[in-house]
Amino acid sequence: MPETETWTVGRLLTWTADYLKEHQSDSPRLDAEVLLAEALACRRIDLYTRFDEAPDDDARAAFRSFVRRRAEGTPVAYLVGSREFYSLSFRVTPDVLIPRPETELLVVALLDLARSRPAGKPLTVADVGTGSGIVAICAAKELPSCRVTAIDVSPAALAVARENAAEHHVAEQIELVESDLFAAVDPQQRFDFIVSNPPYVTTAELETLSPDVRNFEPYRALAAGKQGVDVIERLIRQAGDRLRSGGHLLFEVSPTVHDAARSLLESDERFTPGETIKDLARLPRVVQASRKGD
């Protein structure tokens, strides 16, 4: 950005979109808008009424820093510290995965099943690998009488989830537990629903991920061994012990590991597998099953 130019909002966006495109951004214009809105402390939509405005030096300096770091690969969500999910804004840091639209299918599947239950006893939900808490918090907001146990092995991730739960006024419904799956959860506790967006990236796939994912998002939340089902296999085994009869297990997968994950589920006699939910691209995304009666 040559300092001799008068840099209006419109010119900043145009120049930055071109610059980020050269640096392999998948959404250069959107990235430019989000970062400039953050630097100006305004909504992204407000930029369109301010095209001829020239930001002050402090805003431009903040924007330049954002753009430099984005060009180096840092994801936009980590730069601005938040990401929208299920029409809500969630705080994110490099300690948690950045929420993806596909995970909204997991939330929708959970809510559909929960709302089909007869009214009465409050439902209990375990969100395993909660990360920033998006699934647990959406469940708590949409099902006001439910109780959610949000589990993660990372204390740093739980700290982010705690902030998000407070921000969305559902902290009283959610118990945060630091645990490797159910290892540290009360052994007597049983759940109506167990949901999870577990690690499911195969060892081979890790090398093919985009640099902003591979180099910045938490490795432990991505990597799942040679077949991509190391964590899913343990989750299924433990979920069978933790679900009430008639309870449901739902977890997100990538299309590449779906068949292996489904095979693991079908081989566990405690479960009756349901139909896998497909995403907008018609690819398998959410595996679901119900717990048979004892």
# chains A, B, ... in the order shown; residues from 1 in each chain; ligands from 1

call {"tool": "residues_around", "arguments": {"residues": "Ala119 (chain A)", "least_positions_apart": "6", "cutoff": "12 Å", "atoms": "only C-alpha atoms", "output": "ChimeraX atom specification"}}
result
/A:143,145-146

call {"tool": "residues_around", "arguments": {"residues": "Val34 (chain A)", "least_positions_apart": "4", "cutoff": "8 Å", "atoms": "only C-alpha atoms", "output": "list in words"}}
result
Leu30, Glu38, Arg44 and Val76 of chain A

call {"tool": "residues_around", "arguments": {"residues": "Val286 (chain A)", "least_positions_apart": "5", "cutoff": "10 Å", "atoms": "only C-alpha atoms", "output": "PyMOL selection string"}}
result
chain A and resi 102-103+105-107+109+195-197+250-255+258+275-279

call {"tool": "write_last_selection", "arguments": {"atoms": "N, CA and C atoms", "output": "CSV table (one decimal), in the first residue's frame"}}
result
chain,number,residue,atom,x,y,z
A,102,GLU,N,-20.4,-27.2,8.0
A,102,GLU,CA,-20.8,-28.6,8.0
A,102,GLU,C,-21.2,-29.1,9.4
A,103,THR,N,-20.6,-28.5,10.4
A,103,THR,CA,-20.9,-29.0,11.8
A,103,THR,C,-22.3,-28.5,12.2
A,105,LEU,N,-24.9,-29.3,10.7
A,105,LEU,CA,-25.7,-30.5,10.5
A,105,LEU,C,-25.8,-31.3,11.7
A,106,LEU,N,-24.7,-31.4,12.5
A,106,LEU,CA,-24.7,-32.1,13.7
A,106,LEU,C,-25.6,-31.5,14.7
A,107,VAL,N,-25.6,-30.2,14.8
A,107,VAL,CA,-26.6,-29.5,15.7
A,107,VAL,C,-28.0,-29.7,15.3
A,109,ALA,N,-29.3,-32.2,13.5
A,109,ALA,CA,-29.6,-33.6,13.8
A,109,ALA,C,-30.0,-33.8,15.3
A,195,VAL,N,-22.9,-36.4,21.4
A,195,VAL,CA,-22.6,-35.8,20.1
A,195,VAL,C,-21.1,-35.5,20.1
A,196,SER,N,-20.5,-35.5,18.9
A,196,SER,CA,-19.1,-35.2,18.8
A,196,SER,C,-18.7,-34.8,17.4
A,197,ASN,N,-17.8,-33.8,17.4
A,197,ASN,CA,-17.1,-33.5,16.1
A,197,ASN,C,-15.6,-33.9,16.4
A,250,LEU,N,-24.3,-39.3,17.9
A,250,LEU,CA,-24.2,-38.6,16.6
A,250,LEU,C,-22.8,-38.1,16.5
A,251,PHE,N,-22.1,-38.3,15.4
A,251,PHE,CA,-20.8,-37.7,15.3
A,251,PHE,C,-20.5,-37.4,13.8
A,252,GLU,N,-19.7,-36.3,13.7
A,252,GLU,CA,-19.3,-35.8,12.4
A,252,GLU,C,-18.2,-36.6,11.8
A,253,VAL,N,-18.2,-36.8,10.5
A,253,VAL,CA,-17.1,-37.5,9.8
A,253,VAL,C,-16.8,-36.8,8.5
A,254,SER,N,-15.6,-37.1,7.9
A,254,SER,CA,-15.4,-36.7,6.6
A,254,SER,C,-15.8,-37.8,5.7
A,255,PRO,N,-16.1,-37.5,4.4
A,255,PRO,CA,-16.5,-38.6,3.5
A,255,PRO,C,-15.5,-39.7,3.4
A,258,HIS,N,-16.0,-42.2,6.3
A,258,HIS,CA,-17.3,-42.6,6.6
A,258,HIS,C,-17.5,-44.1,6.7
A,275,GLU,N,-29.6,-43.7,9.5
A,275,GLU,CA,-29.2,-43.3,8.2
A,275,GLU,C,-28.1,-42.1,8.3
A,276,THR,N,-27.0,-42.2,7.6
A,276,THR,CA,-26.1,-41.1,7.7
A,276,THR,C,-26.6,-39.9,7.0
A,277,ILE,N,-26.4,-38.7,7.6
A,277,ILE,CA,-26.9,-37.5,7.1
A,277,ILE,C,-25.9,-36.9,6.2
A,278,LYS,N,-26.3,-36.5,5.0
A,278,LYS,CA,-25.4,-35.9,4.0
A,278,LYS,C,-25.4,-34.4,4.0
A,279,ASP,N,-24.3,-33.8,3.6
A,279,ASP,CA,-24.2,-32.4,3.5
A,279,ASP,C,-24.8,-31.8,2.2

call {"tool": "atom_distance", "arguments": {"atom1": "CA of Ser263 (chain A)", "atom2": "CA of Glu233 (chain A)"}}
result
10.0 Å

call {"tool": "residues_around", "arguments": {"residues": "Pro199 (chain A)", "least_positions_apart": "4", "cutoff": "9 Å", "atoms": "only C-alpha atoms", "output": "list in words"}}
result
Gly129, Arg220, Ala221, Leu222, Ala223, Ala224, Gly228, Val229, Asp230, Val231, Ile232 and Val253 of chain A

call {"tool": "write_last_selection", "arguments": {"atoms": "N, CA and C atoms", "output": "compact mmCIF listing (two decimals), in the first residue's frame"}}
result
# COMPACT_ATOMS: atom_id res chain seq x y z
N GLY A 129 -15.34 -33.52 22.96
CA GLY A 129 -14.42 -32.75 22.14
C GLY A 129 -15.05 -31.41 21.81
N ARG A 220 -3.97 -31.75 17.44
CA ARG A 220 -4.64 -32.81 18.19
C ARG A 220 -6.13 -32.88 17.86
N ALA A 221 -6.71 -31.78 17.43
CA ALA A 221 -8.12 -31.77 17.09
C ALA A 221 -8.38 -32.23 15.66
N LEU A 222 -7.31 -32.48 14.91
CA LEU A 222 -7.43 -32.90 13.52
C LEU A 222 -7.02 -34.35 13.31
N ALA A 223 -5.83 -34.71 13.82
CA ALA A 223 -5.21 -35.98 13.47
C ALA A 223 -5.89 -37.16 14.15
N ALA A 224 -6.15 -38.22 13.35
CA ALA A 224 -6.85 -39.39 13.88
C ALA A 224 -6.28 -40.70 13.37
N GLY A 228 -7.96 -42.65 10.15
CA GLY A 228 -8.81 -41.51 10.50
C GLY A 228 -9.90 -41.82 11.50
N VAL A 229 -9.84 -43.00 12.13
CA VAL A 229 -10.92 -43.40 13.05
C VAL A 229 -10.40 -43.78 14.43
N ASP A 230 -9.17 -43.40 14.75
CA ASP A 230 -8.62 -43.77 16.07
C ASP A 230 -9.50 -43.27 17.21
N VAL A 231 -9.91 -42.01 17.13
CA VAL A 231 -10.73 -41.44 18.19
C VAL A 231 -12.18 -41.94 18.07
N ILE A 232 -12.67 -42.05 16.86
CA ILE A 232 -14.05 -42.52 16.65
C ILE A 232 -14.23 -43.93 17.22
N VAL A 253 -18.17 -36.83 10.49
CA VAL A 253 -17.07 -37.51 9.82
C VAL A 253 -16.75 -36.77 8.52

call {"tool": "atom_distance", "arguments": {"atom1": "CA of Thr16 (chain A)", "atom2": "CA of Pro28 (chain A)"}}
result
7.6 Å

call {"tool": "residues_around", "arguments": {"residues": "region 61-64 of chain A", "least_positions_apart": "6", "cutoff": "8 Å", "atoms": "only C-alpha atoms", "output": "ChimeraX atom specification"}}
result
/A:35-36,39

call {"tool": "residues_around", "arguments": {"residues": "Asn215 (chain A)", "least_positions_apart": "2", "cutoff": "12 Å", "atoms": "only C-alpha atoms", "output": "compact mmCIF listing (two decimals) with N, CA and C atoms, in the first residue's frame"}}
result
# COMPACT_ATOMS: atom_id res chain seq x y z
N GLU A 72 0.53 -14.35 5.36
CA GLU A 72 1.45 -15.38 5.87
C GLU A 72 0.72 -16.67 6.20
N GLY A 73 -0.61 -16.65 6.15
CA GLY A 73 -1.37 -17.88 6.35
C GLY A 73 -2.28 -17.92 7.55
N THR A 74 -2.16 -16.97 8.47
CA THR A 74 -3.01 -17.01 9.66
C THR A 74 -4.47 -16.90 9.28
N PRO A 75 -5.32 -17.82 9.71
CA PRO A 75 -6.75 -17.76 9.37
C PRO A 75 -7.41 -16.48 9.88
N PRO A 94 -6.31 -19.95 18.58
CA PRO A 94 -5.57 -21.09 18.02
C PRO A 94 -5.63 -22.35 18.88
N LEU A 206 -3.43 -35.34 6.25
CA LEU A 206 -2.83 -34.20 6.95
C LEU A 206 -1.89 -33.41 6.04
N GLU A 207 -1.18 -34.12 5.19
CA GLU A 207 -0.22 -33.46 4.30
C GLU A 207 -0.89 -32.70 3.17
N THR A 208 -2.16 -32.99 2.92
CA THR A 208 -2.87 -32.35 1.82
C THR A 208 -3.73 -31.17 2.28
N LEU A 209 -3.83 -30.97 3.58
CA LEU A 209 -4.63 -29.86 4.08
C LEU A 209 -4.03 -28.53 3.66
N SER A 210 -4.87 -27.52 3.53
CA SER A 210 -4.36 -26.19 3.20
C SER A 210 -3.43 -25.71 4.30
N PRO A 211 -2.42 -24.91 3.95
CA PRO A 211 -1.45 -24.47 4.95
C PRO A 211 -2.06 -23.75 6.14
N ASP A 212 -3.15 -22.99 5.93
CA ASP A 212 -3.74 -22.26 7.07
C ASP A 212 -4.37 -23.22 8.07
N VAL A 213 -4.83 -24.39 7.60
CA VAL A 213 -5.34 -25.40 8.52
C VAL A 213 -4.19 -26.18 9.13
N GLU A 217 -4.22 -24.53 12.89
CA GLU A 217 -5.26 -25.12 13.75
C GLU A 217 -4.67 -26.25 14.58
N PRO A 218 -5.25 -26.52 15.75
CA PRO A 218 -4.63 -27.48 16.68
C PRO A 218 -4.55 -28.90 16.11
N TYR A 219 -3.34 -29.42 16.05
CA TYR A 219 -3.07 -30.73 15.45
C TYR A 219 -3.88 -31.82 16.13
N LEU A 222 -7.31 -32.48 14.91
CA LEU A 222 -7.43 -32.90 13.52
C LEU A 222 -7.02 -34.35 13.31

call {"tool": "residues_around", "arguments": {"residues": "region 264-273 of chain A", "least_positions_apart": "6", "cutoff": "10 Å", "atoms": "only C-alpha atoms", "output": "PyMOL selection string"}}
result
chain A and resi 229+232-234+236-237+239-241+245-249+258+287-294

call {"tool": "select_by_dssp", "arguments": {"residues": "region 117-238 of chain A", "states": "strand (DSSP E)", "output": "compact mmCIF listing (two decimals) with C-alpha atoms, in the first residue's frame"}}
result
# COMPACT_ATOMS: atom_id res chain seq x y z
CA THR A 124 -28.92 -34.80 29.11
CA VAL A 125 -26.36 -34.22 26.38
CA ALA A 126 -22.63 -34.94 26.26
CA ASP A 127 -20.60 -32.94 23.73
CA VAL A 128 -17.33 -34.84 23.40
CA ARG A 147 -28.25 -30.18 30.71
CA VAL A 148 -25.02 -30.40 28.73
CA THR A 149 -21.70 -31.90 29.72
CA ALA A 150 -19.04 -30.33 27.49
CA ILE A 151 -15.89 -32.45 27.44
CA ASP A 152 -12.44 -31.67 26.09
CA ILE A 174 -23.31 -26.50 30.85
CA GLU A 175 -20.79 -28.44 32.91
CA LEU A 176 -17.27 -28.24 31.51
CA VAL A 177 -15.11 -31.31 32.09
CA GLU A 178 -11.43 -31.73 31.26
CA PHE A 191 -26.83 -39.44 28.73
CA ASP A 192 -29.75 -39.23 26.34
CA PHE A 193 -27.48 -37.91 23.60
CA ILE A 194 -23.78 -38.08 22.91
CA VAL A 195 -22.60 -35.79 20.12
CA SER A 196 -19.11 -35.20 18.84

call {"tool": "closest_residue", "arguments": {"among": "A:Ser154, A:Thr256, A:Gln173, A:Ser27", "to": "Ala204 (chain A)", "atoms": "only C-alpha atoms"}}
result
A:Thr256

call {"tool": "select_by_dssp", "arguments": {"residues": "region 114-294 of chain A", "states": "helix (DSSP H, G or I)", "output": "PyMOL selection string"}}
result
chain A and resi 114-115+134-142+155-167+171-173+203-206+211-214+219-221+230-242+258-266

call {"tool": "closest_atom_pairs", "arguments": {"of": "region 77-140 of chain A", "to": "region 155-161 of chain A", "cutoff": "12 Å", "atoms": "only C-alpha atoms", "output": "JSON lines"}}
result
{"residue": "A:Gly81", "atom": "CA", "partner": "A:Val160", "partner_atom": "CA", "distance": 10.7}
{"residue": "A:Ser82", "atom": "CA", "partner": "A:Val160", "partner_atom": "CA", "distance": 10.8}
{"residue": "A:Phe90", "atom": "CA", "partner": "A:Ala161", "partner_atom": "CA", "distance": 8.9}
{"residue": "A:Arg91", "atom": "CA", "partner": "A:Val160", "partner_atom": "CA", "distance": 6.9}
{"residue": "A:Val92", "atom": "CA", "partner": "A:Val160", "partner_atom": "CA", "distance": 6.9}
{"residue": "A:Thr93", "atom": "CA", "partner": "A:Val160", "partner_atom": "CA", "distance": 7.5}
{"residue": "A:Pro94", "atom": "CA", "partner": "A:Ala157", "partner_atom": "CA", "distance": 9.0}
{"residue": "A:Asp95", "atom": "CA", "partner": "A:Ala157", "partner_atom": "CA", "distance": 5.5}
{"residue": "A:Val96", "atom": "CA", "partner": "A:Ala157", "partner_atom": "CA", "distance": 5.6}
{"residue": "A:Leu97", "atom": "CA", "partner": "A:Ala157", "partner_atom": "CA", "distance": 9.1}
{"residue": "A:Ile98", "atom": "CA", "partner": "A:Ala157", "partner_atom": "CA", "distance": 11.6}
{"residue": "A:Asp127", "atom": "CA", "partner": "A:Ala161", "partner_atom": "CA", "distance": 11.5}
{"residue": "A:Val128", "atom": "CA", "partner": "A:Leu158", "partner_atom": "CA", "distance": 11.6}
{"residue": "A:Gly129", "atom": "CA", "partner": "A:Ala157", "partner_atom": "CA", "distance": 9.2}
{"residue": "A:Thr130", "atom": "CA", "partner": "A:Ala161", "partner_atom": "CA", "distance": 7.5}
{"residue": "A:Gly131", "atom": "CA", "partner": "A:Ala157", "partner_atom": "CA", "distance": 5.2}
{"residue": "A:Ser132", "atom": "CA", "partner": "A:Ala161", "partner_atom": "CA", "distance": 4.4}
{"residue": "A:Gly133", "atom": "CA", "partner": "A:Ala161", "partner_atom": "CA", "distance": 4.5}
{"residue": "A:Ile134", "atom": "CA", "partner": "A:Ala161", "partner_atom": "CA", "distance": 7.7}
{"residue": "A:Val135", "atom": "CA", "partner": "A:Ala161", "partner_atom": "CA", "distance": 10.2}
{"residue": "A:Ala136", "atom": "CA", "partner": "A:Ala161", "partner_atom": "CA", "distance": 8.9}
{"residue": "A:Ile137", "atom": "CA", "partner": "A:Ala161", "partner_atom": "CA", "distance": 8.5}
{"residue": "A:Cys138", "atom": "CA", "partner": "A:Ala161", "partner_atom": "CA", "distance": 11.8}

call {"tool": "write_last_selection", "arguments": {"atoms": "N, CA and C atoms", "output": "PDB file, in the first residue's frame"}}
result
ATOM      1  N   GLY A  81     -10.558 -13.080  16.061  1.00  0.00           N
ATOM      2  CA  GLY A  81     -10.926 -13.686  17.338  1.00  0.00           C
ATOM      3  C   GLY A  81     -12.339 -14.203  17.434  1.00  0.00           C
ATOM      4  N   SER A  82     -13.015 -14.356  16.296  1.00  0.00           N
ATOM      5  CA  SER A  82     -14.390 -14.851  16.359  1.00  0.00           C
ATOM      6  C   SER A  82     -14.779 -15.474  15.029  1.00  0.00           C
ATOM      7  N   PHE A  90     -19.027 -16.716  17.915  1.00  0.00           N
ATOM      8  CA  PHE A  90     -18.264 -17.436  18.922  1.00  0.00           C
ATOM      9  C   PHE A  90     -16.809 -16.966  18.926  1.00  0.00           C
ATOM     10  N   ARG A  91     -16.266 -16.823  20.123  1.00  0.00           N
ATOM     11  CA  ARG A  91     -14.850 -16.517  20.256  1.00  0.00           C
ATOM     12  C   ARG A  91     -14.040 -17.747  19.869  1.00  0.00           C
ATOM     13  N   VAL A  92     -12.976 -17.540  19.090  1.00  0.00           N
ATOM     14  CA  VAL A  92     -12.071 -18.631  18.743  1.00  0.00           C
ATOM     15  C   VAL A  92     -10.636 -18.157  18.917  1.00  0.00           C
ATOM     16  N   THR A  93      -9.769 -19.092  19.266  1.00  0.00           N
ATOM     17  CA  THR A  93      -8.334 -18.846  19.395  1.00  0.00           C
ATOM     18  C   THR A  93      -7.621 -20.015  18.742  1.00  0.00           C
ATOM     19  N   PRO A  94      -6.306 -19.947  18.578  1.00  0.00           N
ATOM     20  CA  PRO A  94      -5.572 -21.093  18.017  1.00  0.00           C
ATOM     21  C   PRO A  94      -5.626 -22.351  18.876  1.00  0.00           C
ATOM     22  N   ASP A  95      -6.256 -22.273  20.049  1.00  0.00           N
ATOM     23  CA  ASP A  95      -6.421 -23.467  20.890  1.00  0.00           C
ATOM     24  C   ASP A  95      -7.608 -24.315  20.459  1.00  0.00           C
ATOM     25  N   VAL A  96      -8.438 -23.800  19.548  1.00  0.00           N
ATOM     26  CA  VAL A  96      -9.640 -24.531  19.127  1.00  0.00           C
ATOM     27  C   VAL A  96      -9.744 -24.513  17.605  1.00  0.00           C
ATOM     28  N   LEU A  97     -10.433 -25.514  17.074  1.00  0.00           N
ATOM     29  CA  LEU A  97     -10.732 -25.518  15.647  1.00  0.00           C
ATOM     30  C   LEU A  97     -11.650 -24.356  15.304  1.00  0.00           C
ATOM     31  N   ILE A  98     -11.525 -23.871  14.087  1.00  0.00           N
ATOM     32  CA  ILE A  98     -12.434 -22.849  13.588  1.00  0.00           C
ATOM     33  C   ILE A  98     -13.744 -23.536  13.181  1.00  0.00           C
ATOM     34  N   ASP A 127     -21.296 -33.417  24.926  1.00  0.00           N
ATOM     35  CA  ASP A 127     -20.595 -32.945  23.732  1.00  0.00           C
ATOM     36  C   ASP A 127     -19.125 -33.288  23.911  1.00  0.00           C
ATOM     37  N   VAL A 128     -18.674 -34.304  23.204  1.00  0.00           N
ATOM     38  CA  VAL A 128     -17.325 -34.837  23.400  1.00  0.00           C
ATOM     39  C   VAL A 128     -16.355 -34.179  22.417  1.00  0.00           C
ATOM     40  N   GLY A 129     -15.340 -33.521  22.964  1.00  0.00           N
ATOM     41  CA  GLY A 129     -14.423 -32.748  22.141  1.00  0.00           C
ATOM     42  C   GLY A 129     -15.048 -31.407  21.808  1.00  0.00           C
ATOM     43  N   THR A 130     -15.501 -30.714  22.828  1.00  0.00           N
ATOM     44  CA  THR A 130     -16.329 -29.519  22.631  1.00  0.00           C
ATOM     45  C   THR A 130     -15.596 -28.367  21.974  1.00  0.00           C
ATOM     46  N   GLY A 131     -14.274 -28.278  22.119  1.00  0.00           N
ATOM     47  CA  GLY A 131     -13.538 -27.177  21.507  1.00  0.00           C
ATOM     48  C   GLY A 131     -14.028 -25.835  22.023  1.00  0.00           C
ATOM     49  N   SER A 132     -14.453 -24.983  21.108  1.00  0.00           N
ATOM     50  CA  SER A 132     -14.940 -23.658  21.516  1.00  0.00           C
ATOM     51  C   SER A 132     -16.342 -23.700  22.098  1.00  0.00           C
ATOM     52  N   GLY A 133     -16.953 -24.891  22.124  1.00  0.00           N
ATOM     53  CA  GLY A 133     -18.250 -25.041  22.762  1.00  0.00           C
ATOM     54  C   GLY A 133     -19.441 -24.826  21.855  1.00  0.00           C
ATOM     55  N   ILE A 134     -19.228 -24.776  20.558  1.00  0.00           N
ATOM     56  CA  ILE A 134     -20.317 -24.379  19.660  1.00  0.00           C
ATOM     57  C   ILE A 134     -21.511 -25.328  19.726  1.00  0.00           C
ATOM     58  N   VAL A 135     -21.268 -26.641  19.710  1.00  0.00           N
ATOM     59  CA  VAL A 135     -22.377 -27.593  19.706  1.00  0.00           C
ATOM     60  C   VAL A 135     -23.092 -27.573  21.053  1.00  0.00           C
ATOM     61  N   ALA A 136     -22.319 -27.594  22.131  1.00  0.00           N
ATOM     62  CA  ALA A 136     -22.909 -27.572  23.473  1.00  0.00           C
ATOM     63  C   ALA A 136     -23.751 -26.321  23.691  1.00  0.00           C
ATOM     64  N   ILE A 137     -23.251 -25.189  23.252  1.00  0.00           N
ATOM     65  CA  ILE A 137     -23.937 -23.920  23.480  1.00  0.00           C
ATOM     66  C   ILE A 137     -25.199 -23.816  22.629  1.00  0.00           C
ATOM     67  N   CYS A 138     -25.120 -24.252  21.373  1.00  0.00           N
ATOM     68  CA  CYS A 138     -26.317 -24.243  20.527  1.00  0.00           C
ATOM     69  C   CYS A 138     -27.391 -25.158  21.106  1.00  0.00           C
TER      70      CYS A 138
END

call {"tool": "closest_residue", "arguments": {"among": "A:Arg115, A:Arg11, A:Arg244, A:Lys141", "to": "Arg50 (chain A)", "atoms": "only C-alpha atoms"}}
result
A:Arg11

call {"tool": "decode", "arguments": {"residues": "region 95-108 of chain A", "atoms": "C-alpha atoms", "output": "PDB file, in the first residue's frame"}}
result
ATOM      1  CA  ASP A  95      -6.421 -23.467  20.890  1.00  0.00           C
ATOM      2  CA  VAL A  96      -9.640 -24.531  19.127  1.00  0.00           C
ATOM      3  CA  LEU A  97     -10.732 -25.518  15.647  1.00  0.00           C
ATOM      4  CA  ILE A  98     -12.434 -22.849  13.588  1.00  0.00           C
ATOM      5  CA  PRO A  99     -16.160 -23.715  13.322  1.00  0.00           C
ATOM      6  CA  ARG A 100     -17.227 -25.030   9.911  1.00  0.00           C
ATOM      7  CA  PRO A 101     -20.708 -24.817   8.347  1.00  0.00           C
ATOM      8  CA  GLU A 102     -20.815 -28.619   8.029  1.00  0.00           C
ATOM      9  CA  THR A 103     -20.943 -28.961  11.804  1.00  0.00           C
ATOM     10  CA  GLU A 104     -24.295 -27.169  11.812  1.00  0.00           C
ATOM     11  CA  LEU A 105     -25.700 -30.452  10.452  1.00  0.00           C
ATOM     12  CA  LEU A 106     -24.659 -32.105  13.712  1.00  0.00           C
ATOM     13  CA  VAL A 107     -26.562 -29.474  15.687  1.00  0.00           C
ATOM     14  CA  VAL A 108     -29.654 -29.779  13.489  1.00  0.00           C
TER      15      VAL A 108
END
